[in-house]
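**Student:** Here you go, one structure.
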Amino acid sequence: MNKLHIALVVAAVALGIYVSTIPAGSMQALQSGFLGVLSPFLKTGSAVQENLGTVGKRLKTLDELEVENDRLARENRELRTTNNLLNDLKVENDRLRLALDFRERSSFRLTPAHIIGRDASTWWNTIRINRGFEDGVEADMPVLTDQGVVGKTTTVSKNEAIVVLVTDETCRIASRIEGTREQGILTGQRVQKNATDAVLQMNFLSKNARIEPGQLVVTAGVAQGSFPAGIPIGKVTEFKLRALDGQALVEPLVPLASIEDVFVLTGAK
């Protein structure tokens with residue numbers, strides 16, 4: 001055993017003898033002082049442990065987060081679908097309200113009809129509606145919406161009717177340009193591929209007519225004609241001079257490619 005070891009043993013024995021001789025009161029004071037020195041460290045360690053436990057309880061596992069994210073995503077999709085449905089219902093409700101208001105204000109007897117088909121061979125020139133002679137519909141009756149002229153009936157059966165559209169070359173309507181004395185015959189062009197870019201031709205106008213783009217074209221209401229006067233048809237897009245007359249190109253007011261419901265003018269109220 002070296003001198004260092006011997007010194008340590010002697011010191012330990014001396015410390016033990018000294019401690020054993022300390023009175024009980026002094027020993028308690030010594031213990032209190034020692035604990036006072038260590039107390040801040042003990043409290044800090046306890047607080048850290050409590051905070052770590054609280055944080056651990058608040059943290060969610062990855063699986064729980066994925067489940068919650070899926071739930072929120074599903075609720076978001078459902079809300080978006082509901083919102084789209086409500087918007088569609090509002091648009092439909094507004095459209096029907098406008099149609100009903102137009103029918104009530106009209107001085108004519110209007111029979112509502114739903115489009116149930118289009119002729120694939122002349123897709124943009126004829127439609128089929130769910131009204132026939134049982135509903136008071138006859139051939140050569142005007143068909144329109146609250147926006148303007150759609151066409152006129154041709155073949156009529158018991159509960160259905162074929163409507164030739166204003167875009168068809170066989171549909172001829174006596175028309176006039178508002179704000180002028182100009183009148184002519186409005187016809188469609190069968191060469192048009194779709195109704196979104198359909199252009200009507202208004203022929204037999206004066207060569208010196210002052211016609212500008214944007215002017216409204218309405219039915220003239222000539223004797224023995226199918227259409228009463230004043231029903232909107234379209235707006236002028238261009239005026240051309242020809243050898244014998246003037247010609248106006250007219251854009252229809254009614255979006256023929258997207259309409260679903262129409263009215264058949266079956267007489268006066």
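Going through the structure tokens in order, the chains are called A, B, and so on, while each chain numbers its residues from 1 and the ligands are numbered from 1 in the order shown.
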For segment 238-240 of chain A, find every residue with an atom within 12 Å (counting only C-alpha atoms), except residues of its own chain fewer than 6 positions away, and show them as a list in words.
**Tutor:**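 Residues near the query, excluding close chain neighbours: Ile177, Val199, Leu200, Gln201, Met202, Asn203, Phe204, Leu205, Ser206, Lys207, Asn208, Ala209, Arg210, Ile211, Glu212, Pro213, Gly214, Gln215, Gly246, Gln247, Ala248, Leu249, Val250 and Glu251 of chain A.
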**Student:** Residues at most 12 Å from Thr145 of chain A, counting only C-alpha atoms, excluding those fewer than 2 positions away in the same chain, as a PDB file with N, CA and C atoms, in the first residue's frame?
**Tutor:**
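The new file result_31.pdb reads:
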```
ATOM      1  N   ARG A  95     -82.388  31.095 -62.770  1.00  0.00           N
ATOM      2  CA  ARG A  95     -82.818  30.932 -64.163  1.00  0.00           C
ATOM      3  C   ARG A  95     -84.324  30.702 -64.246  1.00  0.00           C
ATOM      4  N   LEU A  96     -84.840  29.837 -63.371  1.00  0.00           N
ATOM      5  CA  LEU A  96     -86.273  29.550 -63.381  1.00  0.00           C
ATOM      6  C   LEU A  96     -87.085  30.766 -62.947  1.00  0.00           C
ATOM      7  N   LEU A  98     -86.255  33.924 -63.469  1.00  0.00           N
ATOM      8  CA  LEU A  98     -86.277  34.837 -64.611  1.00  0.00           C
ATOM      9  C   LEU A  98     -87.273  34.368 -65.670  1.00  0.00           C
ATOM     10  N   ALA A  99     -87.282  33.051 -65.910  1.00  0.00           N
ATOM     11  CA  ALA A  99     -88.209  32.507 -66.897  1.00  0.00           C
ATOM     12  C   ALA A  99     -89.661  32.714 -66.465  1.00  0.00           C
ATOM     13  N   LEU A 100     -89.932  32.480 -65.181  1.00  0.00           N
ATOM     14  CA  LEU A 100     -91.295  32.666 -64.676  1.00  0.00           C
ATOM     15  C   LEU A 100     -91.702  34.131 -64.758  1.00  0.00           C
ATOM     16  N   ASP A 101     -90.785  35.020 -64.416  1.00  0.00           N
ATOM     17  CA  ASP A 101     -91.071  36.448 -64.483  1.00  0.00           C
ATOM     18  C   ASP A 101     -91.340  36.877 -65.921  1.00  0.00           C
ATOM     19  N   PHE A 102     -90.554  36.347 -66.862  1.00  0.00           N
ATOM     20  CA  PHE A 102     -90.754  36.662 -68.279  1.00  0.00           C
ATOM     21  C   PHE A 102     -92.130  36.185 -68.749  1.00  0.00           C
ATOM     22  N   ARG A 103     -92.508  34.999 -68.318  1.00  0.00           N
ATOM     23  CA  ARG A 103     -93.803  34.444 -68.715  1.00  0.00           C
ATOM     24  C   ARG A 103     -94.952  35.289 -68.166  1.00  0.00           C
ATOM     25  N   SER A 106     -95.165  38.670 -70.073  1.00  0.00           N
ATOM     26  CA  SER A 106     -95.461  38.612 -71.509  1.00  0.00           C
ATOM     27  C   SER A 106     -96.941  38.830 -71.793  1.00  0.00           C
ATOM     28  N   LEU A 110     -97.559  31.713 -73.239  1.00  0.00           N
ATOM     29  CA  LEU A 110     -96.319  30.972 -73.430  1.00  0.00           C
ATOM     30  C   LEU A 110     -96.412  29.605 -72.771  1.00  0.00           C
ATOM     31  N   THR A 111     -96.145  28.570 -73.562  1.00  0.00           N
ATOM     32  CA  THR A 111     -96.160  27.196 -73.051  1.00  0.00           C
ATOM     33  C   THR A 111     -94.731  26.740 -72.802  1.00  0.00           C
ATOM     34  N   PRO A 112     -94.377  26.439 -71.555  1.00  0.00           N
ATOM     35  CA  PRO A 112     -92.997  26.014 -71.273  1.00  0.00           C
ATOM     36  C   PRO A 112     -92.710  24.645 -71.859  1.00  0.00           C
ATOM     37  N   ALA A 113     -91.490  24.447 -72.328  1.00  0.00           N
ATOM     38  CA  ALA A 113     -91.095  23.165 -72.914  1.00  0.00           C
ATOM     39  C   ALA A 113     -89.630  22.898 -72.575  1.00  0.00           C
ATOM     40  N   HIS A 114     -89.304  21.622 -72.482  1.00  0.00           N
ATOM     41  CA  HIS A 114     -87.928  21.198 -72.185  1.00  0.00           C
ATOM     42  C   HIS A 114     -87.331  20.553 -73.427  1.00  0.00           C
ATOM     43  N   PRO A 142     -93.762  30.410 -82.939  1.00  0.00           N
ATOM     44  CA  PRO A 142     -92.482  30.918 -82.447  1.00  0.00           C
ATOM     45  C   PRO A 142     -92.036  30.188 -81.175  1.00  0.00           C
ATOM     46  N   VAL A 143     -90.723  29.975 -81.078  1.00  0.00           N
ATOM     47  CA  VAL A 143     -90.117  29.383 -79.888  1.00  0.00           C
ATOM     48  C   VAL A 143     -89.060  30.374 -79.399  1.00  0.00           C
ATOM     49  N   GLN A 147     -84.440  35.704 -73.388  1.00  0.00           N
ATOM     50  CA  GLN A 147     -83.390  36.466 -74.060  1.00  0.00           C
ATOM     51  C   GLN A 147     -83.746  36.810 -75.503  1.00  0.00           C
ATOM     52  N   GLY A 148     -84.575  35.981 -76.128  1.00  0.00           N
ATOM     53  CA  GLY A 148     -84.933  36.266 -77.509  1.00  0.00           C
ATOM     54  C   GLY A 148     -85.409  35.033 -78.265  1.00  0.00           C
ATOM     55  N   VAL A 149     -85.386  35.150 -79.597  1.00  0.00           N
ATOM     56  CA  VAL A 149     -85.913  34.105 -80.486  1.00  0.00           C
ATOM     57  C   VAL A 149     -84.983  32.901 -80.529  1.00  0.00           C
ATOM     58  N   VAL A 150     -85.582  31.719 -80.472  1.00  0.00           N
ATOM     59  CA  VAL A 150     -84.849  30.457 -80.631  1.00  0.00           C
ATOM     60  C   VAL A 150     -85.090  29.882 -82.018  1.00  0.00           C
ATOM     61  N   GLY A 151     -86.342  29.884 -82.461  1.00  0.00           N
ATOM     62  CA  GLY A 151     -86.697  29.341 -83.775  1.00  0.00           C
ATOM     63  C   GLY A 151     -88.206  29.223 -83.881  1.00  0.00           C
ATOM     64  N   LYS A 152     -88.659  28.235 -84.641  1.00  0.00           N
ATOM     65  CA  LYS A 152     -90.099  28.003 -84.753  1.00  0.00           C
ATOM     66  C   LYS A 152     -90.361  26.519 -84.950  1.00  0.00           C
ATOM     67  N   ILE A 231     -89.770  41.092 -80.869  1.00  0.00           N
ATOM     68  CA  ILE A 231     -89.044  40.072 -80.116  1.00  0.00           C
ATOM     69  C   ILE A 231     -87.562  40.139 -80.499  1.00  0.00           C
ATOM     70  N   PRO A 232     -86.653  40.293 -79.547  1.00  0.00           N
ATOM     71  CA  PRO A 232     -85.219  40.386 -79.872  1.00  0.00           C
ATOM     72  C   PRO A 232     -84.706  39.114 -80.548  1.00  0.00           C
ATOM     73  N   ILE A 233     -83.795  39.306 -81.498  1.00  0.00           N
ATOM     74  CA  ILE A 233     -83.185  38.165 -82.195  1.00  0.00           C
ATOM     75  C   ILE A 233     -81.674  38.161 -81.997  1.00  0.00           C
ATOM     76  N   LEU A 253     -78.845  36.359 -79.854  1.00  0.00           N
ATOM     77  CA  LEU A 253     -78.788  36.684 -78.432  1.00  0.00           C
ATOM     78  C   LEU A 253     -78.877  35.429 -77.565  1.00  0.00           C
ATOM     79  N   VAL A 254     -79.595  34.436 -78.025  1.00  0.00           N
ATOM     80  CA  VAL A 254     -79.804  33.220 -77.238  1.00  0.00           C
ATOM     81  C   VAL A 254     -78.619  32.266 -77.430  1.00  0.00           C
ATOM     82  N   PRO A 255     -78.016  31.772 -76.354  1.00  0.00           N
ATOM     83  CA  PRO A 255     -76.930  30.783 -76.479  1.00  0.00           C
ATOM     84  C   PRO A 255     -77.509  29.407 -76.831  1.00  0.00           C
ATOM     85  N   LEU A 256     -77.705  29.183 -78.106  1.00  0.00           N
ATOM     86  CA  LEU A 256     -78.431  27.993 -78.568  1.00  0.00           C
ATOM     87  C   LEU A 256     -77.751  26.687 -78.179  1.00  0.00           C
ATOM     88  N   ILE A 259     -78.889  26.113 -74.089  1.00  0.00           N
ATOM     89  CA  ILE A 259     -80.234  26.240 -73.514  1.00  0.00           C
ATOM     90  C   ILE A 259     -80.831  24.861 -73.244  1.00  0.00           C
ATOM     91  N   GLU A 260     -81.669  24.792 -72.205  1.00  0.00           N
ATOM     92  CA  GLU A 260     -82.333  23.546 -71.829  1.00  0.00           C
ATOM     93  C   GLU A 260     -83.849  23.667 -71.867  1.00  0.00           C
ATOM     94  N   ASP A 261     -84.337  24.882 -71.647  1.00  0.00           N
ATOM     95  CA  ASP A 261     -85.788  25.107 -71.602  1.00  0.00           C
ATOM     96  C   ASP A 261     -86.153  26.275 -72.492  1.00  0.00           C
ATOM     97  N   VAL A 262     -87.337  26.187 -73.088  1.00  0.00           N
ATOM     98  CA  VAL A 262     -87.824  27.244 -73.978  1.00  0.00           C
ATOM     99  C   VAL A 262     -89.312  27.464 -73.732  1.00  0.00           C
ATOM    100  N   PHE A 263     -89.873  28.465 -74.435  1.00  0.00           N
ATOM    101  CA  PHE A 263     -91.297  28.706 -74.425  1.00  0.00           C
ATOM    102  C   PHE A 263     -91.823  28.646 -75.855  1.00  0.00           C
ATOM    103  N   VAL A 264     -93.003  28.074 -76.021  1.00  0.00           N
ATOM    104  CA  VAL A 264     -93.676  28.114 -77.320  1.00  0.00           C
ATOM    105  C   VAL A 264     -94.786  29.155 -77.235  1.00  0.00           C
ATOM    106  N   LEU A 265     -94.752  30.109 -78.153  1.00  0.00           N
ATOM    107  CA  LEU A 265     -95.768  31.151 -78.160  1.00  0.00           C
ATOM    108  C   LEU A 265     -97.000  30.596 -78.854  1.00  0.00           C
TER     109      LEU A 265
END
```
**Student:** Between atom CA of Thr81 of chain A and atom CA of Asp63 of chain A, what is the distance, to one decimal in Å?
**Tutor:**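 That distance, rounded to one decimal, is 27.2 Å.
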**Student:** Using only C-alpha atoms, which residue out of A:Ile185, A:Leu144, A:Ala139, A:Ala198 lies closest to Asp168 of chain A?
**Tutor:**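 For Asp168 of chain A, the nearest of the given residues is A:Ala198.
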